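The file final-v3.csv comes next; it holds CSV, C-alpha atoms.
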chain,number,residue,atom,x,y,z
A,1,MET,CA,9.5,-5.7,23.0
A,2,ARG,CA,12.7,-6.3,21.1
A,3,HIS,CA,11.3,-7.0,17.6
A,4,GLU,CA,8.3,-4.6,17.8
A,5,GLY,CA,9.8,-2.1,15.4
A,6,LYS,CA,10.6,-4.7,12.7
A,7,VAL,CA,7.1,-6.2,13.0
A,8,ALA,CA,5.5,-2.7,13.0
A,9,ALA,CA,7.5,-1.7,9.9
A,10,VAL,CA,6.4,-4.7,7.9
A,11,ILE,CA,2.7,-4.4,8.9
A,12,CYS,CA,2.5,-0.7,8.3
A,13,SER,CA,4.2,-1.1,4.9
A,14,ILE,CA,1.4,-3.4,3.9
A,15,LEU,CA,-1.6,-2.0,5.8
A,16,GLY,CA,-0.6,1.6,6.5
A,17,ASP,CA,-0.5,3.3,9.9
A,18,GLY,CA,-3.5,3.1,12.1
A,19,MET,CA,-5.4,1.1,14.7
A,20,GLU,CA,-6.0,-1.9,12.4
A,21,ALA,CA,-2.2,-2.2,11.9
A,22,GLU,CA,-1.8,-2.3,15.7
A,23,ASP,CA,-4.5,-4.9,16.0
A,24,VAL,CA,-2.7,-7.1,13.5
A,25,GLY,CA,0.6,-6.4,15.4
A,26,GLN,CA,-1.0,-7.7,18.6
A,27,GLU,CA,-2.3,-10.7,16.7
A,28,VAL,CA,1.2,-11.5,15.5
A,29,PHE,CA,2.7,-11.6,19.0
A,30,VAL,CA,-0.3,-13.6,20.3
A,31,LYS,CA,0.2,-16.1,17.5
A,32,PHE,CA,3.9,-16.3,18.2
A,33,TYR,CA,3.1,-16.9,21.9
A,34,GLN,CA,0.6,-19.6,20.9
A,35,SER,CA,3.1,-21.4,18.6
A,36,LEU,CA,6.0,-21.3,21.0
A,37,GLY,CA,5.5,-25.0,21.6
A,38,LYS,CA,5.9,-25.8,17.9
A,39,PHE,CA,8.8,-23.4,17.4
A,40,LYS,CA,11.9,-25.7,16.9
A,41,GLY,CA,14.4,-22.9,16.6
A,42,GLU,CA,15.2,-23.7,13.0
A,43,SER,CA,15.0,-20.0,12.2
A,44,ALA,CA,15.7,-17.0,14.4
A,45,PRO,CA,12.7,-15.7,16.4
A,46,ALA,CA,12.8,-12.4,14.5
A,47,THR,CA,12.5,-14.3,11.2
A,48,TYR,CA,9.6,-16.4,12.5
A,49,LEU,CA,7.9,-13.2,13.8
A,50,ILE,CA,8.3,-11.4,10.5
A,51,ARG,CA,6.9,-14.4,8.6
A,52,ILE,CA,3.8,-14.3,10.9
A,53,ALA,CA,3.5,-10.6,10.4
A,54,ILE,CA,3.6,-10.9,6.6
A,55,ASN,CA,1.0,-13.7,6.6
A,56,GLN,CA,-1.3,-11.8,9.0
A,57,SER,CA,-1.0,-8.6,7.0
A,58,LEU,CA,-1.7,-10.3,3.7
A,59,ASN,CA,-4.7,-12.0,5.3
A,60,GLU,CA,-6.0,-8.6,6.4
A,61,VAL,CA,-5.4,-7.3,2.8
A,62,LYS,CA,-7.6,-10.2,1.5
A,63,LYS,CA,-10.3,-9.3,4.0
A,64,ARG,CA,-10.3,-5.7,3.0
A,65,LYS,CA,-10.4,-6.6,-0.7
A,66,ARG,CA,-13.4,-8.8,0.0
A,67,LYS,CA,-15.1,-5.8,1.8
A,68,ASN,CA,-14.0,-3.7,-1.1
A,69,ASN,CA,-12.4,-1.3,1.4
A,70,LEU,CA,-9.8,0.9,-0.2
A,71,PHE,CA,-6.7,1.5,1.9
A,72,THR,CA,-6.1,5.1,1.4
A,73,SER,CA,-8.0,7.6,-0.6
A,74,ILE,CA,-5.7,8.8,-3.3
A,75,ASP,CA,-6.5,12.0,-5.2
A,76,GLN,CA,-5.8,10.8,-8.7
A,77,GLY,CA,-6.3,14.2,-10.1
A,78,LYS,CA,-3.7,15.8,-7.9
A,79,ASN,CA,-0.8,17.3,-9.7
A,80,VAL,CA,2.3,15.1,-9.3
A,81,LYS,CA,4.5,18.1,-8.5
A,82,MET,CA,2.1,19.1,-5.6
A,83,MET,CA,2.4,15.7,-4.0
A,84,ASP,CA,4.4,15.4,-0.7
A,85,ASP,CA,6.2,12.3,0.6
A,86,GLN,CA,3.0,11.1,2.4
A,87,ASP,CA,1.0,11.3,-0.8
A,88,ILE,CA,3.7,9.3,-2.7
A,89,GLN,CA,3.9,6.7,0.1
A,90,ASN,CA,0.1,6.3,-0.2
A,91,VAL,CA,0.4,5.8,-3.9
A,92,ILE,CA,3.1,3.2,-3.4
A,93,GLN,CA,1.0,1.4,-0.8
A,94,ALA,CA,-2.0,1.4,-3.1
A,95,GLU,CA,0.0,0.1,-6.0
A,96,LEU,CA,1.6,-2.6,-3.8
A,97,ASN,CA,-1.8,-3.8,-2.7
A,98,LYS,CA,-2.8,-4.3,-6.3
A,99,LEU,CA,0.1,-6.8,-6.6
A,100,ASP,CA,-0.3,-10.5,-6.1
A,101,PRO,CA,0.4,-11.3,-2.4
A,102,ASP,CA,3.5,-13.4,-3.3
A,103,PHE,CA,5.0,-10.4,-5.1
A,104,GLN,CA,3.8,-8.0,-2.4
A,105,SER,CA,5.6,-9.9,0.4
A,106,VAL,CA,8.9,-9.9,-1.6
A,107,VAL,CA,8.7,-6.2,-2.5
A,108,THR,CA,7.8,-5.3,1.1
A,109,LEU,CA,10.8,-7.1,2.6
A,110,ARG,CA,13.4,-6.4,0.0
A,111,LEU,CA,12.6,-3.0,-1.4
A,112,ILE,CA,10.8,-1.2,1.5
A,113,GLU,CA,12.3,-2.8,4.6
A,114,GLY,CA,15.7,-3.4,3.0
A,115,TYR,CA,16.2,-7.0,3.9
A,116,SER,CA,18.8,-8.8,1.8
A,117,THR,CA,17.5,-11.2,-0.9
A,118,GLN,CA,18.8,-14.1,1.2
A,119,GLU,CA,17.0,-12.8,4.3
A,120,THR,CA,13.9,-12.3,2.3
A,121,ALA,CA,14.1,-15.9,1.1
A,122,ASP,CA,14.6,-17.2,4.6
A,123,ILE,CA,11.7,-15.2,6.0
A,124,LEU,CA,9.3,-16.3,3.3
A,125,ASP,CA,10.8,-19.8,3.3
A,126,ILE,CA,11.2,-19.8,-0.5
A,127,PRO,CA,14.3,-20.3,-2.8
A,128,LEU,CA,16.5,-17.3,-3.6
A,129,GLY,CA,15.8,-17.7,-7.3
A,130,THR,CA,12.1,-17.3,-6.6
A,131,VAL,CA,12.8,-14.1,-4.7
A,132,LEU,CA,14.8,-12.7,-7.6
A,133,SER,CA,12.2,-13.6,-10.3
A,134,ARG,CA,9.3,-12.2,-8.2
A,135,LEU,CA,11.3,-9.0,-7.6
A,136,SER,CA,12.0,-8.6,-11.2
A,137,ARG,CA,8.4,-9.0,-12.3
A,138,ALA,CA,7.1,-6.8,-9.5
A,139,GLN,CA,9.5,-4.0,-10.3
A,140,LYS,CA,8.5,-4.0,-13.9
A,141,LYS,CA,4.9,-3.7,-12.9
A,142,LEU,CA,5.7,-1.0,-10.4
A,143,ARG,CA,7.8,1.0,-12.8
A,144,GLU,CA,4.9,1.2,-15.2
A,145,VAL,CA,2.8,3.1,-12.6
A,146,LEU,CA,5.4,4.8,-10.5
A,147,ILE,CA,7.4,6.2,-13.4
A,148,LYS,CA,5.5,9.5,-13.4
A,149,TYR,CA,6.5,10.2,-9.8
A,150,VAL,CA,10.3,9.9,-10.3
B,1,MET,CA,17.3,-3.2,-31.3
B,2,SER,CA,14.9,-6.2,-30.8
B,3,SER,CA,12.4,-6.3,-28.0
B,4,MET,CA,13.8,-9.7,-26.9
B,5,ALA,CA,17.2,-8.2,-26.5
B,6,LYS,CA,15.7,-5.2,-24.6
B,7,LYS,CA,13.8,-7.5,-22.3
B,8,SER,CA,16.9,-9.5,-21.6
B,9,ILE,CA,19.0,-6.4,-20.8
B,10,GLU,CA,16.2,-5.2,-18.5
B,11,ASP,CA,16.2,-8.5,-16.6
B,12,ILE,CA,19.9,-8.3,-16.2
B,13,LEU,CA,19.7,-4.7,-15.1
B,14,ILE,CA,17.0,-5.4,-12.4
B,15,GLU,CA,18.9,-8.5,-11.2
B,16,SER,CA,22.2,-6.4,-10.9
B,17,LEU,CA,20.4,-4.2,-8.4
B,18,ASP,CA,20.0,-7.1,-6.0
B,19,GLN,CA,23.0,-9.3,-6.5
B,20,PRO,CA,26.2,-9.6,-8.6
B,21,VAL,CA,25.4,-10.9,-12.1
B,22,HIS,CA,27.5,-13.3,-14.2
B,23,GLU,CA,30.7,-11.8,-15.7
B,24,GLY,CA,29.4,-12.1,-19.3
B,25,GLU,CA,26.1,-10.4,-18.3
B,26,LYS,CA,27.9,-7.7,-16.4
B,27,GLN,CA,30.0,-6.9,-19.5
B,28,GLN,CA,26.9,-6.8,-21.6
B,29,LEU,CA,25.2,-4.5,-19.2
B,30,ASP,CA,28.1,-2.2,-18.8
B,31,GLN,CA,28.5,-2.0,-22.6
B,32,ARG,CA,24.8,-1.2,-23.0
B,33,LEU,CA,24.8,1.4,-20.2
B,34,ALA,CA,27.7,3.1,-21.9
B,35,LEU,CA,26.3,3.2,-25.4
B,36,ASP,CA,22.5,3.2,-25.0
B,37,LYS,CA,20.8,6.3,-23.6
B,38,ASP,CA,17.4,4.4,-23.1
B,39,VAL,CA,19.1,1.7,-21.0
B,40,ARG,CA,20.8,4.4,-18.9
B,41,LYS,CA,17.4,6.1,-18.4
B,42,GLN,CA,15.8,2.8,-17.4
B,43,HIS,CA,18.6,2.1,-14.9
B,44,ASP,CA,18.1,5.6,-13.3
B,45,GLN,CA,14.4,5.1,-13.1
B,46,TYR,CA,14.7,1.8,-11.3
B,47,LEU,CA,17.2,3.3,-8.9
B,48,LYS,CA,14.9,6.2,-8.2
B,49,ILE,CA,11.8,4.0,-7.7
B,50,ARG,CA,13.7,1.8,-5.3
B,51,GLU,CA,14.9,4.8,-3.4
B,52,MET,CA,11.4,6.2,-3.3
B,53,MET,CA,10.0,3.0,-1.9
B,54,ARG,CA,12.6,2.5,0.8
B,55,ARG,CA,11.4,3.1,4.3
B,56,LYS,CA,12.9,6.3,5.7
B,57,ARG,CA,11.5,6.5,9.2
B,58,GLU,CA,11.3,4.2,12.2
B,59,THR,CA,7.9,2.7,12.9
B,60,SER,CA,6.4,1.6,16.2
B,61,PHE,CA,3.0,0.7,17.6
B,62,GLY,CA,3.4,3.4,20.3
B,63,PRO,CA,3.9,3.3,24.0
B,64,TYR,CA,2.6,0.4,26.2
B,65,PHE,CA,2.2,-1.9,23.2
B,66,SER,CA,3.8,-4.7,25.1
B,67,VAL,CA,1.4,-4.2,28.0
B,68,ARG,CA,-1.5,-4.4,25.6
B,69,VAL,CA,-0.2,-7.6,24.1
B,70,ALA,CA,0.4,-9.1,27.6
B,71,THR,CA,-3.2,-8.1,28.6
B,72,ARG,CA,-4.6,-9.7,25.5
B,73,ILE,CA,-2.7,-13.0,26.2
B,74,GLN,CA,-3.9,-13.0,29.8
B,75,ASN,CA,-7.5,-12.4,28.7
B,76,MET,CA,-7.2,-15.2,26.2
B,77,ARG,CA,-6.0,-17.6,28.9
B,78,LYS,CA,-8.9,-16.5,31.2
B,79,GLU,CA,-11.3,-17.1,28.3
B,80,ILE,CA,-9.9,-20.7,27.8
B,81,ASP,CA,-10.3,-21.4,31.5
B,82,HIS,CA,-13.8,-20.1,31.3
B,83,GLN,CA,-14.6,-22.3,28.4
B,84,ILE,CA,-13.2,-25.4,30.2
B,85,LEU,CA,-15.3,-24.5,33.3
B,86,PHE,CA,-18.4,-24.0,31.1
B,87,PHE,CA,-17.8,-27.3,29.4
B,88,PHE,CA,-17.7,-29.3,32.7
B,89,LYS,CA,-20.5,-27.3,34.3
B,90,LYS,CA,-23.0,-29.1,32.1
B,91,TYR,CA,-21.9,-32.4,33.7
B,92,GLN,CA,-21.6,-31.2,37.3
B,93,LEU,CA,-25.3,-31.7,38.2
B,94,ALA,CA,-25.4,-35.2,36.6
B,95,ALA,CA,-22.2,-36.2,38.4
B,96,LEU,CA,-23.7,-35.0,41.8
B,97,GLY,CA,-26.9,-36.9,41.1
B,98,ILE,CA,-25.0,-40.2,40.4
B,99,LEU,CA,-22.9,-39.7,43.6
B,100,ILE,CA,-26.0,-39.2,45.8
B,101,ALA,CA,-27.7,-42.3,44.2
B,102,ILE,CA,-24.6,-44.5,44.9
B,103,VAL,CA,-24.4,-43.3,48.5
B,104,ALA,CA,-28.2,-43.9,48.9
B,105,VAL,CA,-28.0,-47.4,47.5
B,106,ASN,CA,-25.1,-48.2,49.9
B,107,ILE,CA,-27.0,-47.0,52.9
B,108,ILE,CA,-30.2,-48.9,52.0
B,109,SER,CA,-28.3,-52.1,51.3
B,110,ALA,CA,-26.2,-52.0,54.5
B,111,LYS,CA,-27.2,-53.9,57.6
B,112,ASP,CA,-26.2,-51.1,60.0
B,113,ILE,CA,-25.3,-47.6,59.1
B,114,SER,CA,-21.6,-46.9,59.3
B,115,VAL,CA,-18.8,-45.1,57.4
B,116,GLN,CA,-17.9,-48.3,55.7
B,117,SER,CA,-21.5,-48.9,54.5
B,118,VAL,CA,-21.8,-45.4,53.1
B,119,LEU,CA,-18.5,-45.8,51.3
B,120,GLY,CA,-19.6,-49.2,50.0
B,121,ILE,CA,-16.7,-51.2,51.7
B,122,ASP,CA,-17.5,-54.8,52.4
B,123,GLU,CA,-17.3,-55.1,56.3
B,124,LYS,CA,-16.7,-58.9,56.2
B,125,ASN,CA,-13.5,-58.4,54.1
B,126,ILE,CA,-12.1,-55.8,56.6
B,127,ASN,CA,-12.7,-58.2,59.5
B,128,ASN,CA,-11.0,-61.1,57.5
B,129,VAL,CA,-7.9,-59.0,56.9
B,130,VAL,CA,-7.7,-58.0,60.6
B,131,ASN,CA,-8.1,-61.6,61.7
B,132,ASP,CA,-5.4,-62.8,59.3
B,133,ALA,CA,-3.1,-60.1,60.6
B,134,ASP,CA,-3.5,-61.4,64.2
B,135,SER,CA,-2.6,-64.9,63.1
B,136,ILE,CA,0.7,-63.9,61.6
B,137,THR,CA,3.6,-64.3,64.0
B,138,PHE,CA,7.2,-63.1,63.5
B,139,ASP,CA,10.0,-64.0,65.9
B,140,PHE,CA,12.8,-61.6,65.2
B,141,TYR,CA,15.4,-63.4,67.3
B,142,LYS,CA,14.6,-66.8,65.8
B,143,THR,CA,14.9,-65.4,62.3
B,144,LEU,CA,18.1,-63.7,63.2
B,145,ASN,CA,19.6,-66.9,64.6
B,146,GLU,CA,18.6,-68.8,61.4
B,147,GLN,CA,20.2,-66.2,59.2
B,148,LEU,CA,23.5,-66.3,61.3
Entire entry expressed as structure tokens:
Amino acid sequence: MRHEGKVAAVICSILGDGMEAEDVGQEVFVKFYQSLGKFKGESAPATYLIRIAINQSLNEVKKRKRKNNLFTSIDQGKNVKMMDDQDIQNVIQAELNKLDPDFQSVVTLRLIEGYSTQETADILDIPLGTVLSRLSRAQKKLREVLIKYV
Amino acid sequence: MSSMAKKSIEDILIESLDQPVHEGEKQQLDQRLALDKDVRKQHDQYLKIREMMRRKRETSFGPYFSVRVATRIQNMRKEIDHQILFFFKKYQLAALGILIAIVAVNIISAKDISVQSVLGIDEKNINNVVNDADSITFDFYKTLNEQL
């Protein structure tokens, strides 16, 4: 599938790797298939797919929060210097999931996946100014917690 | 240095990482970066955090993902067909009963048992139509001459 990589990247950024991420991935393509009749071509199929992926992933986050299911066990006592890349990615993911979903989607697309601010605005169907203000507020919050890892 | 001024420069700094800022703001930021060690440190921290967050490897759902999606869609369609079938199954028996009742009433009320009586077609009407058809005459040559 042409856009599988992009969809997988977005979902795994929010939910982490694993079977649940793949389930959500399948759900995204099924939803896309179901909504093909409504798809008017106003945006590129990839944009539309990523939008569905973001929404489905954030729904999954909400479900997990309700179940009080932590995403990844993080060893808070672990020495920062002993942490490898995977540990740091787990910390980032855990901190991201503490953010408001609106902020989380912007940070995922812009800072993790590297979409431009305009592409992020198009995918989320929000104004560019909103993207910038959400990015600014999210980065301030993330800096407070991630500063010790840099 | 007031906290308001600091906040403002932080906002400009963050914004400058995503898009070009206004000329006045850019000058203000460059000046502060050149003179203020804290602002420089803050700038470096934001850059490092962003670099740390950026995805560095390709992600995929693994082999045969498309096959799994296609199977799921096919199963979903089968499920819908099954639901439709189940919905009408409830009415199948009732419909069959009504059909048998109609045929039975037609047979009982007919004078003689024939296909027409079972189907409920009025035999008199059929005969009338046949008789009317016999009485219609059409002279092709006469009509042709009249037209010419």
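Distance-wise, CA of Leu36 in chain A and CA of Gly62 in chain B end up 24.8 Å apart.
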Inset, instruction - Up to 9 Å from chain B, what residues of chain A turn up? Count only C-alpha atoms and give them as an MDAnalysis selection string. - result: chainID A and resid 1 4:9 12:13 17:19 21:22 25:27 29:30 33 85 88:89 92 110:114 116:117 132:133 135:137 139:140 142:143 146:147 149:150
Legend entry - Between CA of Ile14 in chain A and CA of Gln86 in chain A, distance in Å (one decimal): 14.7 Å
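Distance-wise, CA of Leu93 in chain B and CA of Ile80 in chain B end up 21.6 Å apart.
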